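Note: the block below is entry37.txt and it holds compact mmCIF, C-alpha atoms.
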# COMPACT_ATOMS: atom_id res chain seq x y z
CA MET A 1 8.37 -1.55 78.90
CA LYS A 2 4.60 -1.08 78.70
CA PRO A 3 3.12 0.78 75.71
CA VAL A 4 1.92 4.30 76.39
CA LEU A 5 -0.92 6.15 74.72
CA VAL A 6 -0.75 9.93 74.89
CA PHE A 7 -3.73 12.19 74.19
CA ASP A 8 -2.71 15.66 73.08
CA TYR A 9 -6.05 17.43 72.88
CA ASP A 10 -4.66 20.94 73.19
CA GLY A 11 -1.80 20.67 70.68
CA THR A 12 1.04 20.84 73.21
CA LEU A 13 3.02 17.96 71.70
CA HIS A 14 1.78 17.98 68.12
CA GLU A 15 1.06 20.83 65.73
CA THR A 16 -2.65 20.07 65.76
CA MET A 17 -3.51 23.09 63.59
CA ARG A 18 -1.92 21.28 60.65
CA VAL A 19 -4.89 18.88 60.57
CA TYR A 20 -7.55 20.76 62.55
CA LYS A 21 -7.62 23.94 60.44
CA PRO A 22 -8.29 22.06 57.16
CA GLY A 23 -11.12 20.26 58.97
CA ILE A 24 -12.68 23.58 59.95
CA GLU A 25 -12.15 24.97 56.43
CA GLY A 26 -13.85 21.93 54.93
CA VAL A 27 -16.84 22.28 57.24
CA VAL A 28 -17.21 25.99 56.51
CA LYS A 29 -17.24 25.23 52.76
CA TRP A 30 -19.70 22.35 53.29
CA LEU A 31 -22.07 24.52 55.33
CA ARG A 32 -21.97 27.29 52.73
CA ARG A 33 -22.15 25.22 49.56
CA VAL A 34 -24.36 22.33 50.53
CA HIS A 35 -26.63 23.91 53.13
CA GLY A 36 -26.55 27.64 52.34
CA VAL A 37 -25.48 28.49 55.89
CA ASP A 38 -23.82 31.89 56.30
CA ALA A 39 -20.61 30.36 57.65
CA TYR A 40 -17.26 32.13 57.73
CA MET A 41 -13.69 31.00 58.25
CA PRO A 42 -12.55 31.88 61.77
CA SER A 43 -9.08 33.22 62.50
CA ASP A 44 -6.23 30.87 63.41
CA GLN A 45 -6.21 32.39 66.89
CA ARG A 46 -9.86 31.51 67.39
CA ILE A 47 -9.38 27.97 66.05
CA ARG A 48 -6.43 27.47 68.42
CA ARG A 49 -8.70 28.37 71.36
CA TRP A 50 -10.88 25.39 70.47
CA LEU A 51 -8.02 22.91 70.83
CA GLY A 52 -8.71 20.88 73.94
CA MET A 53 -12.26 22.22 74.17
CA ASN A 54 -15.15 19.76 74.06
CA THR A 55 -17.27 19.68 70.92
CA ALA A 56 -20.35 21.27 72.50
CA ASP A 57 -18.36 24.26 73.76
CA MET A 58 -16.55 24.64 70.44
CA TRP A 59 -19.82 24.84 68.50
CA LYS A 60 -21.34 27.11 71.13
CA ASP A 61 -18.47 29.54 70.51
CA PHE A 62 -18.27 29.11 66.74
CA MET A 63 -21.87 28.80 65.52
CA PRO A 64 -24.29 28.72 68.45
CA ARG A 65 -27.40 29.02 66.25
CA LEU A 66 -26.51 26.05 64.04
CA SER A 67 -29.00 23.21 64.49
CA PRO A 68 -27.89 20.27 66.63
CA SER A 69 -28.11 17.91 63.64
CA PHE A 70 -25.81 20.15 61.55
CA LYS A 71 -23.40 20.42 64.48
CA GLN A 72 -23.28 16.63 64.74
CA GLN A 73 -22.77 16.18 60.98
CA ALA A 74 -20.18 18.95 60.88
CA GLY A 75 -18.29 17.46 63.82
CA ARG A 76 -18.06 14.11 62.04
CA LEU A 77 -16.89 15.84 58.86
CA VAL A 78 -14.13 17.71 60.74
CA GLY A 79 -12.91 14.35 62.05
CA GLU A 80 -13.01 12.73 58.61
CA ILE A 81 -11.05 15.58 57.04
CA MET A 82 -8.51 15.49 59.87
CA LEU A 83 -7.95 11.76 59.26
CA GLU A 84 -7.50 12.36 55.52
CA ASP A 85 -4.95 15.12 56.15
CA SER A 86 -2.96 13.31 58.84
Encoded form (structure tokens):
Amino acid sequence: MKPVLVFDYDGTLHETMRVYKPGIEGVVKWLRRVHGVDAYMPSDQRIRRWLGMNTADMWKDFMPRLSPSFKQQAGRLVGEIMLEDS
């Protein structure tokens, strides 16, 4: 049998919120504390809508006025936190 790799971007097979929400929480805290950005914690419902969405669209919905460099840094931080919590 050949190995199979499954991508579950929208959380259908795995409870993605278990690792994604802490990533978002960490970024909100980082933006507030380190950079003084008026960031807020979105609702679980809103975070769930981002599952399966590409990064550009997620940031466009969440914090459209955030500079591209902060979006890039924040995106990396979400990923790092998700890896720590998985």
*Using all atoms listed in the file, determine which residues lie at most 9 Å from region 34-51 of chain A, disregarding the query and same-chain residues fewer than 5 positions distant; provide the list as a list in words.*
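Once the nearby chain positions are removed, what remains is Tyr9, Asp10, Gly11, Thr16, Met17, Tyr20, Lys21, Ile24, Glu25, Val27, Val28, Lys29, Asp57, Met58, Asp61, Phe62, Met63 and Leu66 of chain A.
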*Quote the spacing between CA of Leu83 (chain A) and CA of Val19 (chain A) in Å to one decimal place.*
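Going from CA of Leu83 (chain A) over to CA of Val19 (chain A) covers 7.9 Å.
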*Please measure the separation of CA of Leu77 (chain A) and CA of Glu15 (chain A), giving the value in Å to one decimal.*
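Rounded to one decimal, the two atoms are 19.9 Å apart.
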Give, as JSON, the centre coordinates and the x, y and z edge lengths in Å to one decimal for an axis-aligned box around all listed atoms of region 47-59 of chain A, padded by 5 Å on each side.
{"center_x": -13.4, "center_y": 24.0, "center_z": 70.1, "size_x": 23.9, "size_y": 18.7, "size_z": 18.1}
*Determine the nearest neighbour of Gly75 (chain A) from the options A:Arg18, A:Arg32, A:Trp59, A:Met53, counting only C-alpha atoms.*
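When distances to Gly75 (chain A) are compared using only C-alpha atoms, the smallest one comes from A:Trp59.
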_Length of the CA of Glu84 (chain A) to CA of Pro64 (chain A) vector [Å]_ =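 Separation of CA of Glu84 (chain A) and CA of Pro64 (chain A): 26.8 Å.
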